[in-house]
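Enquirer: Please see the structure below; I have some questions.
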Amino acid sequence: MKTIAIVAGGDSSEYGISLKSAAGLYSFIDKSNYKACIVILRDRDWSACPEGIDSTLRIPVDKNDFSYSYQGKKINFDLAWITIHGTPGENGLLQGYFDLIGLPYNCCGVLPAALTFNKYVCNRYLSQFGLRVAPSVLLRREDSIDASKILTETGLPCFVKSNVGGSSFGTSKVKKAAELPQAIELAFGEGNEVLVEGFLSGTELTNGCYKTTKGLVCLPVTEVVSKNEFFDYEAKYDPDKAEEITPARISASMRDEIQQTTARIYKLLDCKGVIRVDYILCESALYLLEVNTTPGMTTTSFIPQQVKAAGMSMAEMMEQIIEDNLSTTKTAKHV
């Protein structure tokens with residue numbers, strides 16, 4: 001029986017969300033086929049939770065080979081399922097470590113992870129292939145802030161957010177020029193780069209896609225209707241603040257366009273595992289918002305909703321992804 005590490009935690013504001021994703025994945029995985037153990041990373045503290053995430057038992061992980069010792073036995077993993085939202089699991093750092101020690105993992109490799117983690121660079125890259133994106137300006141902490149110049153590019157209203165963060169931490173919708181400096185300062189609290197994007201009015205949509213040994217699977221599309229000013233942290237995690245409709249109330253032709261676009265993005269970025277791509281539909285024009293390579297996996301997250309709407313179980317999807325990555329590793333070793 002293969003042993004799977006569900007790797008959670010990390011060093012960003014999304015630490016708590018990551019732990020919830022890990023708990024979701026642990027509940028989903030077929031324990032008759034796999035042994036699973038949650039491993040929590042926080043700074044230099046890497047700990048295995050062999051008795052579950054709710055237990056106080058934490059066993060140090062040997063960073064030489066990502067193993068741990070429990071009840072007199074050394075436990076080695078066959079695959080790591082990374083569910084860290086933010087650094088070091090979403091930006092390629094952890095993937096590089098796993099590549100060095102030869103441990104297969106479920107998601108994108110170093111380059112696609114680093115590329116998609118940087119929202120500005122990823123959207124600029126994909127725009128070269130004809131995908132529509134909002135006008136935007138990238139700011140670094142050492143840059144002088146020229147509000148009038150920024151707003152000439154983006155217009156008002158606009159969104160200000162961390163370029164390397166998620167879950168809408170540090171995100172603001174700016175309606176007046178006077179609000180811009182404070183919004184930028186808030187976003188800098190999440191990292192050293194801030195993205196200012198022009199506002200797009202339309203229907204928010206999101207779509208998951210993953211790879212199996214037989215090819216790509218595009219999941220049903222979800223429509224997001226926020227009851228707040230925008231789909232902020234509260235709307236994302238409070239079911240009373242947003243309505244998430246799967247399948248989305250869109251035409252079959254638009255559904256097909258979104259799924260085909262998601263599959264194209266998956267291939268352009270050379271993704272692995274499951275990704276989620278967020279869009280906004282402005283009248284009949286589809287705009288890319290961002291690509292998520294380690295999407296949320298709580299019981300109420302978008303991907304589990306879409307898997308259920310597709311008539312599958314999360315255990316099935318996880319098995320397909322695990323076996324695809326294990327078979328790919330075996331093939332690579334024999335080349």
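We label chains A, B, ... in the order they appear in the structure tokens, count residues from 1 in each chain, and number ligands from 1 in the order shown.
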May I have the residues within 12 Å of stretch 44-55 of chain A as a JSON list (two decimals) with N, CA and C atoms, in the first residue's frame, using only C-alpha atoms and disregarding those fewer than 4 positions away in the same chain?
Expert:
[["chain", "number", "residue", "atom", "x", "y", "z"],
["A", 3, "THR", "N", 2.16, 5.05, 0.55],
["A", 3, "THR", "CA", 2.03, 6.00, 1.64],
["A", 3, "THR", "C", 2.11, 7.42, 1.09],
["A", 4, "ILE", "N", 1.10, 8.22, 1.38],
["A", 4, "ILE", "CA", 0.97, 9.57, 0.83],
["A", 4, "ILE", "C", 1.12, 10.61, 1.93],
["A", 5, "ALA", "N", 2.00, 11.58, 1.69],
["A", 5, "ALA", "CA", 2.12, 12.72, 2.60],
["A", 5, "ALA", "C", 1.22, 13.83, 2.11],
["A", 6, "ILE", "N", 0.30, 14.28, 2.93],
["A", 6, "ILE", "CA", -0.52, 15.46, 2.62],
["A", 6, "ILE", "C", 0.18, 16.64, 3.28],
["A", 7, "VAL", "N", 0.85, 17.45, 2.45],
["A", 7, "VAL", "CA", 1.76, 18.47, 2.96],
["A", 7, "VAL", "C", 1.05, 19.81, 3.05],
["A", 8, "ALA", "N", 0.97, 20.35, 4.26],
["A", 8, "ALA", "CA", 0.18, 21.56, 4.51],
["A", 8, "ALA", "C", 0.97, 22.56, 5.33],
["A", 9, "GLY", "N", 0.32, 23.72, 5.58],
["A", 9, "GLY", "CA", 0.92, 24.75, 6.41],
["A", 9, "GLY", "C", 1.50, 25.87, 5.57],
["A", 10, "GLY", "N", 2.83, 26.04, 5.66],
["A", 10, "GLY", "CA", 3.50, 27.08, 4.90],
["A", 10, "GLY", "C", 3.70, 28.35, 5.71],
["A", 11, "ASP", "N", 4.21, 29.37, 5.02],
["A", 11, "ASP", "CA", 4.65, 30.58, 5.70],
["A", 11, "ASP", "C", 3.92, 31.84, 5.23],
["A", 18, "SER", "N", -4.74, 26.32, 4.51],
["A", 18, "SER", "CA", -4.02, 25.13, 4.08],
["A", 18, "SER", "C", -4.31, 23.94, 5.00],
["A", 19, "LEU", "N", -4.35, 24.18, 6.30],
["A", 19, "LEU", "CA", -4.65, 23.09, 7.24],
["A", 19, "LEU", "C", -6.06, 22.54, 7.01],
["A", 20, "LYS", "N", -6.99, 23.44, 6.67],
["A", 20, "LYS", "CA", -8.36, 22.98, 6.36],
["A", 20, "LYS", "C", -8.37, 22.15, 5.07],
["A", 21, "SER", "N", -7.57, 22.56, 4.08],
["A", 21, "SER", "CA", -7.47, 21.78, 2.85],
["A", 21, "SER", "C", -6.89, 20.40, 3.13],
["A", 22, "ALA", "N", -5.89, 20.36, 4.01],
["A", 22, "ALA", "CA", -5.27, 19.07, 4.36],
["A", 22, "ALA", "C", -6.28, 18.15, 5.04],
["A", 23, "ALA", "N", -7.08, 18.72, 5.94],
["A", 23, "ALA", "CA", -8.11, 17.93, 6.62],
["A", 23, "ALA", "C", -9.13, 17.40, 5.60],
["A", 24, "GLY", "N", -9.47, 18.26, 4.61],
["A", 24, "GLY", "CA", -10.39, 17.81, 3.57],
["A", 24, "GLY", "C", -9.81, 16.66, 2.76],
["A", 25, "LEU", "N", -8.58, 16.80, 2.32],
["A", 25, "LEU", "CA", -7.93, 15.76, 1.52],
["A", 25, "LEU", "C", -7.81, 14.46, 2.31],
["A", 26, "TYR", "N", -7.47, 14.59, 3.59],
["A", 26, "TYR", "CA", -7.34, 13.39, 4.43],
["A", 26, "TYR", "C", -8.68, 12.66, 4.54],
["A", 27, "SER", "N", -9.77, 13.43, 4.60],
["A", 27, "SER", "CA", -11.09, 12.80, 4.67],
["A", 27, "SER", "C", -11.51, 12.20, 3.33],
["A", 35, "LYS", "N", -2.18, 4.71, 2.50],
["A", 35, "LYS", "CA", -1.93, 5.22, 3.84],
["A", 35, "LYS", "C", -1.65, 6.71, 3.70],
["A", 36, "ALA", "N", -2.26, 7.51, 4.53],
["A", 36, "ALA", "CA", -2.07, 8.96, 4.43],
["A", 36, "ALA", "C", -1.65, 9.53, 5.77],
["A", 37, "CYS", "N", -0.76, 10.52, 5.69],
["A", 37, "CYS", "CA", -0.32, 11.22, 6.89],
["A", 37, "CYS", "C", -0.16, 12.70, 6.55],
["A", 38, "ILE", "N", -0.76, 13.56, 7.36],
["A", 38, "ILE", "CA", -0.59, 15.00, 7.17],
["A", 38, "ILE", "C", 0.76, 15.43, 7.72],
["A", 39, "VAL", "N", 1.49, 16.21, 6.92],
["A", 39, "VAL", "CA", 2.77, 16.76, 7.34],
["A", 39, "VAL", "C", 2.64, 18.29, 7.30],
["A", 40, "ILE", "N", 2.94, 18.94, 8.43],
["A", 40, "ILE", "CA", 2.78, 20.39, 8.54],
["A", 40, "ILE", "C", 4.13, 21.07, 8.50],
["A", 59, "ILE", "N", 5.75, 14.70, 15.08],
["A", 59, "ILE", "CA", 7.04, 14.03, 14.98],
["A", 59, "ILE", "C", 7.89, 14.76, 13.95],
["A", 60, "PRO", "N", 9.12, 15.15, 14.32],
["A", 60, "PRO", "CA", 9.97, 15.87, 13.37],
["A", 60, "PRO", "C", 10.23, 15.06, 12.10],
["A", 61, "VAL", "N", 10.23, 15.75, 10.97],
["A", 61, "VAL", "CA", 10.52, 15.14, 9.68],
["A", 61, "VAL", "C", 12.01, 15.29, 9.39],
["A", 62, "ASP", "N", 12.63, 14.20, 8.95],
["A", 62, "ASP", "CA", 14.03, 14.23, 8.53],
["A", 62, "ASP", "C", 14.10, 14.88, 7.16],
["A", 63, "LYS", "N", 14.68, 16.06, 7.07],
["A", 63, "LYS", "CA", 14.71, 16.79, 5.80],
["A", 63, "LYS", "C", 15.67, 16.16, 4.78],
["A", 64, "ASN", "N", 16.49, 15.22, 5.20],
["A", 64, "ASN", "CA", 17.38, 14.56, 4.25],
["A", 64, "ASN", "C", 16.62, 13.72, 3.24],
["A", 66, "PHE", "N", 12.78, 13.38, 3.77],
["A", 66, "PHE", "CA", 11.36, 13.62, 4.05],
["A", 66, "PHE", "C", 10.71, 12.37, 4.66],
["A", 67, "SER", "N", 11.39, 11.80, 5.63],
["A", 67, "SER", "CA", 10.85, 10.64, 6.36],
["A", 67, "SER", "C", 10.65, 11.01, 7.82],
["A", 68, "TYR", "N", 10.01, 10.10, 8.58],
["A", 68, "TYR", "CA", 9.91, 10.28, 10.02],
["A", 68, "TYR", "C", 9.87, 8.89, 10.67],
["A", 69, "SER", "N", 10.13, 8.84, 11.95],
["A", 69, "SER", "CA", 10.14, 7.57, 12.68],
["A", 69, "SER", "C", 8.97, 7.54, 13.66],
["A", 70, "TYR", "N", 8.26, 6.41, 13.64],
["A", 70, "TYR", "CA", 7.06, 6.28, 14.46],
["A", 70, "TYR", "C", 6.91, 4.83, 14.89],
["A", 71, "GLN", "N", 6.73, 4.64, 16.19],
["A", 71, "GLN", "CA", 6.56, 3.30, 16.78],
["A", 71, "GLN", "C", 7.67, 2.34, 16.34],
["A", 75, "ILE", "N", 9.29, 5.75, 8.45],
["A", 75, "ILE", "CA", 8.22, 5.89, 7.46],
["A", 75, "ILE", "C", 8.71, 6.74, 6.29],
["A", 76, "ASN", "N", 8.74, 6.14, 5.11],
["A", 76, "ASN", "CA", 9.06, 6.87, 3.88],
["A", 76, "ASN", "C", 7.79, 7.03, 3.06],
["A", 77, "PHE", "N", 7.70, 8.14, 2.36],
["A", 77, "PHE", "CA", 6.52, 8.41, 1.55],
["A", 77, "PHE", "C", 6.77, 8.03, 0.09],
["A", 88, "PRO", "N", 6.08, 27.78, 1.06],
["A", 88, "PRO", "CA", 6.94, 27.39, -0.05],
["A", 88, "PRO", "C", 6.32, 26.38, -1.01]]
Enquirer: Please provide the set of residues having any atom within 9 Å of A:Phe188, restricted to only C-alpha atoms, with same-chain residues fewer than 2 positions apart removed, written as a VMD selection string.
Expert: chain A and resid 140 to 141 161 to 162 170 183 to 186 190 to 194
Enquirer: Restricted to N, CA and C atoms, what would the selected residues look like written as a PDB file, in the first residue's frame?
Expert:
ATOM      1  N   ARG A 140       6.730  47.326  -6.845  1.00  0.00           N
ATOM      2  CA  ARG A 140       7.632  46.710  -5.869  1.00  0.00           C
ATOM      3  C   ARG A 140       7.836  47.686  -4.722  1.00  0.00           C
ATOM      4  N   ARG A 141       8.202  47.146  -3.575  1.00  0.00           N
ATOM      5  CA  ARG A 141       8.246  47.950  -2.357  1.00  0.00           C
ATOM      6  C   ARG A 141       9.145  49.177  -2.493  1.00  0.00           C
ATOM      7  N   LYS A 161      -4.009  44.269  -4.872  1.00  0.00           N
ATOM      8  CA  LYS A 161      -3.805  43.010  -4.156  1.00  0.00           C
ATOM      9  C   LYS A 161      -2.342  42.612  -4.204  1.00  0.00           C
ATOM     10  N   SER A 162      -2.005  41.670  -3.335  1.00  0.00           N
ATOM     11  CA  SER A 162      -0.658  41.130  -3.366  1.00  0.00           C
ATOM     12  C   SER A 162      -0.449  40.378  -4.673  1.00  0.00           C
ATOM     13  N   GLY A 170      -5.334  41.027   1.991  1.00  0.00           N
ATOM     14  CA  GLY A 170      -4.721  42.279   1.575  1.00  0.00           C
ATOM     15  C   GLY A 170      -5.294  42.871   0.307  1.00  0.00           C
ATOM     16  N   ALA A 183      -4.582  51.335   0.219  1.00  0.00           N
ATOM     17  CA  ALA A 183      -4.808  49.991  -0.321  1.00  0.00           C
ATOM     18  C   ALA A 183      -3.483  49.335  -0.712  1.00  0.00           C
ATOM     19  N   ILE A 184      -2.582  50.118  -1.281  1.00  0.00           N
ATOM     20  CA  ILE A 184      -1.262  49.592  -1.668  1.00  0.00           C
ATOM     21  C   ILE A 184      -0.483  49.165  -0.428  1.00  0.00           C
ATOM     22  N   GLU A 185      -0.529  49.983   0.620  1.00  0.00           N
ATOM     23  CA  GLU A 185       0.178  49.646   1.860  1.00  0.00           C
ATOM     24  C   GLU A 185      -0.373  48.363   2.467  1.00  0.00           C
ATOM     25  N   LEU A 186      -1.687  48.190   2.432  1.00  0.00           N
ATOM     26  CA  LEU A 186      -2.316  46.972   2.946  1.00  0.00           C
ATOM     27  C   LEU A 186      -1.834  45.752   2.168  1.00  0.00           C
ATOM     28  N   GLU A 190       1.329  41.615   2.581  1.00  0.00           N
ATOM     29  CA  GLU A 190       1.334  40.207   2.190  1.00  0.00           C
ATOM     30  C   GLU A 190       2.572  39.811   1.390  1.00  0.00           C
ATOM     31  N   GLY A 191       3.396  40.768   0.989  1.00  0.00           N
ATOM     32  CA  GLY A 191       4.574  40.441   0.189  1.00  0.00           C
ATOM     33  C   GLY A 191       5.196  41.691  -0.397  1.00  0.00           C
ATOM     34  N   ASN A 192       6.277  41.513  -1.128  1.00  0.00           N
ATOM     35  CA  ASN A 192       7.049  42.648  -1.630  1.00  0.00           C
ATOM     36  C   ASN A 192       6.597  43.159  -2.992  1.00  0.00           C
ATOM     37  N   GLU A 193       5.553  42.556  -3.559  1.00  0.00           N
ATOM     38  CA  GLU A 193       5.028  43.019  -4.845  1.00  0.00           C
ATOM     39  C   GLU A 193       3.518  43.191  -4.760  1.00  0.00           C
ATOM     40  N   VAL A 194       3.042  44.266  -5.351  1.00  0.00           N
ATOM     41  CA  VAL A 194       1.611  44.567  -5.351  1.00  0.00           C
ATOM     42  C   VAL A 194       1.132  44.728  -6.781  1.00  0.00           C
TER      43      VAL A 194
END
Enquirer: Please identify the alpha helix (DSSP H) residues within stretch 139-285 of chain A (assignment by DSSP from backbone atoms) and present them as a PyMOL selection string.
Expert: chain A and resi 147-154+180-188+233-237+252-268
Enquirer: I'd like to know which of A:Asp324, A:Asp65, A:Glu153, A:Glu14 is closest to A:Gly89, using only C-alpha atoms.
Expert: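 Closest to A:Gly89 of all the choices is A:Glu14.
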Enquirer: State, in Å with one decimal place, the distance from atom CA of A:Glu204 to atom CA of A:Glu257.
Expert: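 Those two atoms sit 14.7 Å apart.
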Enquirer: Compile the contact shell of A:Thr206 as a PDB file with C-alpha atoms, in the first residue's frame: residues with an atom at most 10 Å away, counting only C-alpha atoms, same-chain residues fewer than 6 positions apart removed.
Expert:
ATOM      1  CA  LEU A 219     -14.620  19.699 -14.585  1.00  0.00           C
ATOM      2  CA  PRO A 220     -17.951  21.558 -14.645  1.00  0.00           C
ATOM      3  CA  VAL A 221     -17.779  25.368 -14.415  1.00  0.00           C
ATOM      4  CA  THR A 222     -18.796  27.180 -11.217  1.00  0.00           C
ATOM      5  CA  GLU A 223     -20.470  30.594 -11.150  1.00  0.00           C
ATOM      6  CA  VAL A 224     -19.680  32.844  -8.203  1.00  0.00           C
ATOM      7  CA  GLU A 244     -21.538  29.255  -5.688  1.00  0.00           C
ATOM      8  CA  THR A 246     -22.254  24.443 -10.152  1.00  0.00           C
ATOM      9  CA  ALA A 248     -22.754  27.679 -13.908  1.00  0.00           C
ATOM     10  CA  ILE A 258     -14.150  27.958 -20.797  1.00  0.00           C
ATOM     11  CA  GLN A 259     -13.234  24.278 -20.528  1.00  0.00           C
ATOM     12  CA  THR A 262      -8.643  25.910 -19.170  1.00  0.00           C
ATOM     13  CA  ARG A 276      -8.270  25.925 -11.104  1.00  0.00           C
ATOM     14  CA  VAL A 277      -8.562  28.874 -13.452  1.00  0.00           C
ATOM     15  CA  ASP A 278     -10.622  31.928 -12.503  1.00  0.00           C
ATOM     16  CA  TYR A 279     -12.359  34.018 -15.165  1.00  0.00           C
ATOM     17  CA  ILE A 280     -14.749  36.907 -15.532  1.00  0.00           C
ATOM     18  CA  LEU A 288      -8.552  35.489 -17.393  1.00  0.00           C
ATOM     19  CA  LEU A 289      -8.210  36.471 -13.733  1.00  0.00           C
ATOM     20  CA  GLU A 290      -5.643  34.017 -12.392  1.00  0.00           C
ATOM     21  CA  VAL A 291      -4.401  30.422 -12.366  1.00  0.00           C
ATOM     22  CA  PHE A 302     -14.688  24.814  -5.678  1.00  0.00           C
ATOM     23  CA  ILE A 303     -12.852  21.667  -6.830  1.00  0.00           C
ATOM     24  CA  GLN A 306     -17.080  20.502  -9.352  1.00  0.00           C
TER      25      GLN A 306
END
Enquirer: Of the candidates A:Val307, A:Val274, A:Ile250, A:Cys158, which shows the shortest atom-to-atom distance to A:Ile321, using only C-alpha atoms?
Expert: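 Selected residue with least distance to A:Ile321: A:Val274.
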Enquirer: When you look at A:Ser12 with a cut-off of 8 Å (counting only C-alpha atoms), what residues show up, excluding the ones that are within fewer than 5 positions of it in the same chain? I need them as an MDAnalysis selection string.
Expert: chainID A and resid 85:87 165 190
Enquirer: Once you have the residues from the selection above, write them out as a PDB file, in the first residue's frame, restricted to C-alpha atoms.
Expert:
ATOM      1  CA  HIS A  85      -1.363  27.888  -0.418  1.00  0.00           C
ATOM      2  CA  GLY A  86       1.523  30.341  -0.660  1.00  0.00           C
ATOM      3  CA  THR A  87       5.220  29.868   0.013  1.00  0.00           C
ATOM      4  CA  GLY A 165      -0.791  36.089  -2.192  1.00  0.00           C
ATOM      5  CA  GLU A 190       1.334  40.207   2.190  1.00  0.00           C
TER       6      GLU A 190
END
Enquirer: With only C-alpha atoms as the atoms that count, which of A:Gln95, A:Gly198, A:Leu138, A:Ile17 lies nearest to A:Thr300?
Expert: A:Ile17
Enquirer: So which one's closest to A:Cys108, A:Trp81, A:Ser144, A:Gly215, A:Tyr34? Using only C-alpha atoms, please.
Expert: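 Among the listed residues, the smallest separation from A:Cys108 belongs to A:Trp81.
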Enquirer: Name the closest residue to A:Arg255 among the candidates A:Cys218, A:Val225, A:Cys282, A:Cys271; distances are taken between atoms, counting only C-alpha atoms.
Expert: A:Cys218
Enquirer: Write out as a list in words each polymer residue whose atoms come within 12 Å of A:Ser313, counting only C-alpha atoms; drop sequence neighbours fewer than 3 positions from it.
Expert: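 Returned residues: Leu25, Ser27, Phe28, Ile29, Asp30, Thr299, Ile303, Pro304, Gln305, Gln306, Val307, Lys308, Ala309, Ala310, Glu316, Met317, Met318, Glu319 and Gln320 of chain A.
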Enquirer: Could you please take those selected residues and save C-alpha atoms as a PDB file, in the first residue's frame?
Expert:
ATOM      1  CA  LEU A  25      -7.933  15.760   1.521  1.00  0.00           C
ATOM      2  CA  SER A  27     -11.092  12.795   4.675  1.00  0.00           C
ATOM      3  CA  PHE A  28     -11.396  12.299   0.888  1.00  0.00           C
ATOM      4  CA  ILE A  29      -8.538   9.867   0.198  1.00  0.00           C
ATOM      5  CA  ASP A  30      -9.398   6.176  -0.122  1.00  0.00           C
ATOM      6  CA  THR A 299     -15.092  20.099   1.824  1.00  0.00           C
ATOM      7  CA  ILE A 303     -12.852  21.667  -6.830  1.00  0.00           C
ATOM      8  CA  PRO A 304     -14.804  19.270  -4.556  1.00  0.00           C
ATOM      9  CA  GLN A 305     -18.023  20.971  -5.705  1.00  0.00           C
ATOM     10  CA  GLN A 306     -17.080  20.502  -9.352  1.00  0.00           C
ATOM     11  CA  VAL A 307     -15.981  16.898  -8.853  1.00  0.00           C
ATOM     12  CA  LYS A 308     -19.332  16.123  -7.241  1.00  0.00           C
ATOM     13  CA  ALA A 309     -21.199  17.853 -10.083  1.00  0.00           C
ATOM     14  CA  ALA A 310     -19.237  15.695 -12.542  1.00  0.00           C
ATOM     15  CA  GLU A 316     -11.577   8.880  -7.444  1.00  0.00           C
ATOM     16  CA  MET A 317      -9.969  12.128  -8.537  1.00  0.00           C
ATOM     17  CA  MET A 318      -7.167  11.817  -6.005  1.00  0.00           C
ATOM     18  CA  GLU A 319      -6.454   8.247  -7.069  1.00  0.00           C
ATOM     19  CA  GLN A 320      -6.303   9.265 -10.736  1.00  0.00           C
TER      20      GLN A 320
END
Enquirer: Rounded to one decimal place, report the atom CA of A:Asn163-atom CA of A:Glu142 distance in Å.
Expert: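 Taking atom CA of A:Asn163 as the start and atom CA of A:Glu142 as the end point, the length is 14.8 Å.
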Enquirer: Which is closer to A:Arg249 than all the others in A:Asn292, A:Ala147, A:Leu281, A:Tyr120, using only C-alpha atoms?
Expert: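 Answer, going by the shortest atom-to-atom distance: A:Leu281.
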Enquirer: Atom CA of A:Ala285 to atom CA of A:Arg132: how many Å, to one decimal?
Expert: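 Taking atom CA of A:Ala285 and atom CA of A:Arg132, their separation equals 8.3 Å.
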